[in-house]
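Beneath this line is the structure, given in structure tokens, with notes to follow.
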Amino acid sequence: MVALNNARNKSSGEPTDLPHCEGQLSNAPPEAPSAQSGVSVENAQSAMRPIPLDNHAPPRYNNGKPHWFVLRVSYGRATKASELLEKKDILTFNPLHKVMRMVRGKRRRVQLPLLPGLIFAHTEARPLAEALEDPLIRSLVSYYYDHFSTGTNGYNPPLIVPDKPMRSFITALTADSHDVRVVSPRYVHYKSGDIVRVTAGEFKGVEGRVARAAGQQRVIINISGLCLVATAYIPTGCLEIVTPAEM
């Protein structure tokens with residue numbers, strides 16, 4: 001399988017229409033994913049922990065369905081790790097975001113890791129566990145554990161991201177915008193508890209909560225147990241409420 005790497009632009013290359021919307025994407029520089037990023041670092045647990053695939057593991061890991069697993073990778077080795085997992089027929093996503101930087105005296109848009117040291121793998125639990133027994137892969141990749149839950153075996157299980165927020169996450173990073181960013185909860189001011197969907201533009205289909213972050217109205221995608229990801233500015237006219245029946 002081919003890794004999902006949002007380093008490439010959308011294949012159409014055509015401008016995106018914005019029906020019923022007003023406003024432009026912000027050119028505000030993204031926040032550095034550091035102290036304000038909201039990314040949990042408490043999950044840094046030993047890669048030597050037993051893989052929770054026995055009868056004591058949560059049933060969702062052994063139901064024969066693929067999940068989005070969060071994986072730690074060695075510094076600067078995300079591409080290599082993805083290539084190795086691809087050879088095991090495991091789909092991966094390496095999240096990159098676009099930022100403006102000075103390059104040789106000129107302001108240019110470049111792509112950098114949004115979550116340095118992390119990639120996502122879409123697979124069933126057992127094929128991933130078997131792949132991580134490969135010595136070469138194991139030297140680069142380990143599970144990112146869910147610090148906020150404990151399995152019946154007493155261990156924190158590997159962190160899994162549900163399909164819906166993961167789809168929104170991928171869509172946001174595929175957008176041709178350099179203002180998608182990780183934000184800290186303390187800098188996010190939600191406007192309501194409603195879940196909304198973007199109805200037009202390059203973020204069309206993204207679901208999350210409307211909030212004011214970094215001075216603009218954005219849709220916040222909650223990657224539970226990991227971080228909050230904010231889209232660029234979204235006009236109110238491009239939003240609709242997601243009904244309970246759609247959730």
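The chains in the structure tokens are called A, B, ... from first to last as shown; in each chain the residues are counted from 1, and the ligands are counted from 1 in the order shown.
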Counting only C-alpha atoms, which residues of region 58-174 of chain A fall within 8 Å of region 200-213 of chain A, and what is the closest atom pair for each with its distance in Å at one decimal, ordered by chain and rising number, as a Markdown table?
```
| residue | atom | partner | partner_atom | distance |
| --- | --- | --- | --- | --- |
| A:Lys164 | CA | A:Glu207 | CA | 8.0 |
| A:Pro165 | CA | A:Glu207 | CA | 7.2 |
| A:Arg167 | CA | A:Val206 | CA | 7.7 |
| A:Ser168 | CA | A:Val206 | CA | 4.5 |
| A:Phe169 | CA | A:Val206 | CA | 7.6 |
| A:Thr171 | CA | A:Phe203 | CA | 6.5 |
| A:Ala172 | CA | A:Phe203 | CA | 5.8 |
```
I'd like the neighbourhood of Phe120 (chain A) as a PDB file with all heavy atoms, in the first residue's frame, where a residue qualifies if any of its atoms comes within 6 Å (using only C-alpha atoms), though same-chain residues fewer than 6 positions away should be ignored.
```
ATOM      1  N   PHE A  69      -3.782   3.497  14.508  1.00  0.00           N
ATOM      2  CA  PHE A  69      -2.862   3.460  15.642  1.00  0.00           C
ATOM      3  C   PHE A  69      -1.879   4.630  15.550  1.00  0.00           C
ATOM      4  O   PHE A  69      -1.389   4.956  14.473  1.00  0.00           O
ATOM      5  CB  PHE A  69      -2.066   2.149  15.651  1.00  0.00           C
ATOM      6  CG  PHE A  69      -2.874   0.938  16.006  1.00  0.00           C
ATOM      7  CD1 PHE A  69      -3.565   0.238  15.033  1.00  0.00           C
ATOM      8  CD2 PHE A  69      -2.932   0.487  17.316  1.00  0.00           C
ATOM      9  CE1 PHE A  69      -4.307  -0.889  15.349  1.00  0.00           C
ATOM     10  CE2 PHE A  69      -3.672  -0.640  17.648  1.00  0.00           C
ATOM     11  CZ  PHE A  69      -4.363  -1.334  16.662  1.00  0.00           C
ATOM     12  N   VAL A  70      -1.586   5.215  16.700  1.00  0.00           N
ATOM     13  CA  VAL A  70      -0.551   6.247  16.771  1.00  0.00           C
ATOM     14  C   VAL A  70       0.769   5.570  17.109  1.00  0.00           C
ATOM     15  O   VAL A  70       0.837   4.760  18.037  1.00  0.00           O
ATOM     16  CB  VAL A  70      -0.891   7.304  17.840  1.00  0.00           C
ATOM     17  CG1 VAL A  70       0.143   8.433  17.817  1.00  0.00           C
ATOM     18  CG2 VAL A  70      -2.291   7.860  17.616  1.00  0.00           C
ATOM     19  N   LEU A  71       1.806   5.887  16.351  1.00  0.00           N
ATOM     20  CA  LEU A  71       3.117   5.254  16.544  1.00  0.00           C
ATOM     21  C   LEU A  71       4.199   6.292  16.761  1.00  0.00           C
ATOM     22  O   LEU A  71       4.209   7.349  16.118  1.00  0.00           O
ATOM     23  CB  LEU A  71       3.476   4.402  15.318  1.00  0.00           C
ATOM     24  CG  LEU A  71       2.505   3.269  14.952  1.00  0.00           C
ATOM     25  CD1 LEU A  71       2.963   2.611  13.659  1.00  0.00           C
ATOM     26  CD2 LEU A  71       2.405   2.246  16.079  1.00  0.00           C
ATOM     27  N   THR A  92       0.056   3.942   6.116  1.00  0.00           N
ATOM     28  CA  THR A  92       0.504   4.913   7.108  1.00  0.00           C
ATOM     29  C   THR A  92       0.154   6.333   6.673  1.00  0.00           C
ATOM     30  O   THR A  92      -0.063   6.603   5.490  1.00  0.00           O
ATOM     31  CB  THR A  92       2.028   4.832   7.336  1.00  0.00           C
ATOM     32  OG1 THR A  92       2.716   5.177   6.128  1.00  0.00           O
ATOM     33  CG2 THR A  92       2.445   3.439   7.787  1.00  0.00           C
ATOM     34  N   PHE A  93       0.105   7.228   7.645  1.00  0.00           N
ATOM     35  CA  PHE A  93      -0.110   8.648   7.390  1.00  0.00           C
ATOM     36  C   PHE A  93       0.928   9.429   8.167  1.00  0.00           C
ATOM     37  O   PHE A  93       1.043   9.299   9.384  1.00  0.00           O
ATOM     38  CB  PHE A  93      -1.518   9.070   7.817  1.00  0.00           C
ATOM     39  CG  PHE A  93      -1.771  10.549   7.642  1.00  0.00           C
ATOM     40  CD1 PHE A  93      -1.770  11.127   6.387  1.00  0.00           C
ATOM     41  CD2 PHE A  93      -2.024  11.353   8.744  1.00  0.00           C
ATOM     42  CE1 PHE A  93      -1.997  12.483   6.220  1.00  0.00           C
ATOM     43  CE2 PHE A  93      -2.258  12.712   8.600  1.00  0.00           C
ATOM     44  CZ  PHE A  93      -2.249  13.273   7.333  1.00  0.00           C
TER      45      PHE A  93
END
```
Please provide as number ranges by chain all residues within 12 Å of Leu4 (chain A), with the sequence filter that same-chain residues fewer than 4 positions apart are discarded (counting only C-alpha atoms). A: 8, 79, 82-83, 86, 90-96, 119-122, 167, 170-171, 173-174
DSSP helix (DSSP H, G or I) selection over region 147-247 of chain A, as JSON, numbers by chain: {"A": [163, 164, 165, 166, 167, 168, 169, 170, 171, 172, 173, 174, 185, 186, 187, 236, 237, 238, 244, 245, 246]}
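Once region 228-232 of chain A and its same-chain neighbours fewer than 6 positions away are set aside, Asp179, Val180, Arg181, Val182, Val183, Arg218, Val219, Ile220, Ile221 and Asn222 of chain A remain within 6 Å of it when counting only C-alpha atoms.
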Coordinates-based distance that separates CA of Leu112 (chain A) from CA of Lys98 (chain A) (Å, one decimal): 6.5 Å
Considering only strand (DSSP E) as DSSP defines it on the backbone, what residues of region 75-205 of chain A qualify? List them as a ChimeraX atom specification. /A:91-94,96-103,106-113,118-123,141-143,160-161,181-183,188-198
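Each of A:Thr236, A:Thr243, A:Thr152, A:Ser139 was compared to Arg77 (chain A) using only C-alpha atoms, and A:Ser139 turns out to be the nearest.
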Could you tell me how far CA of Ile223 (chain A) sits from CA of Ser149 (chain A), in Å to one decimal place? 14.9 Å
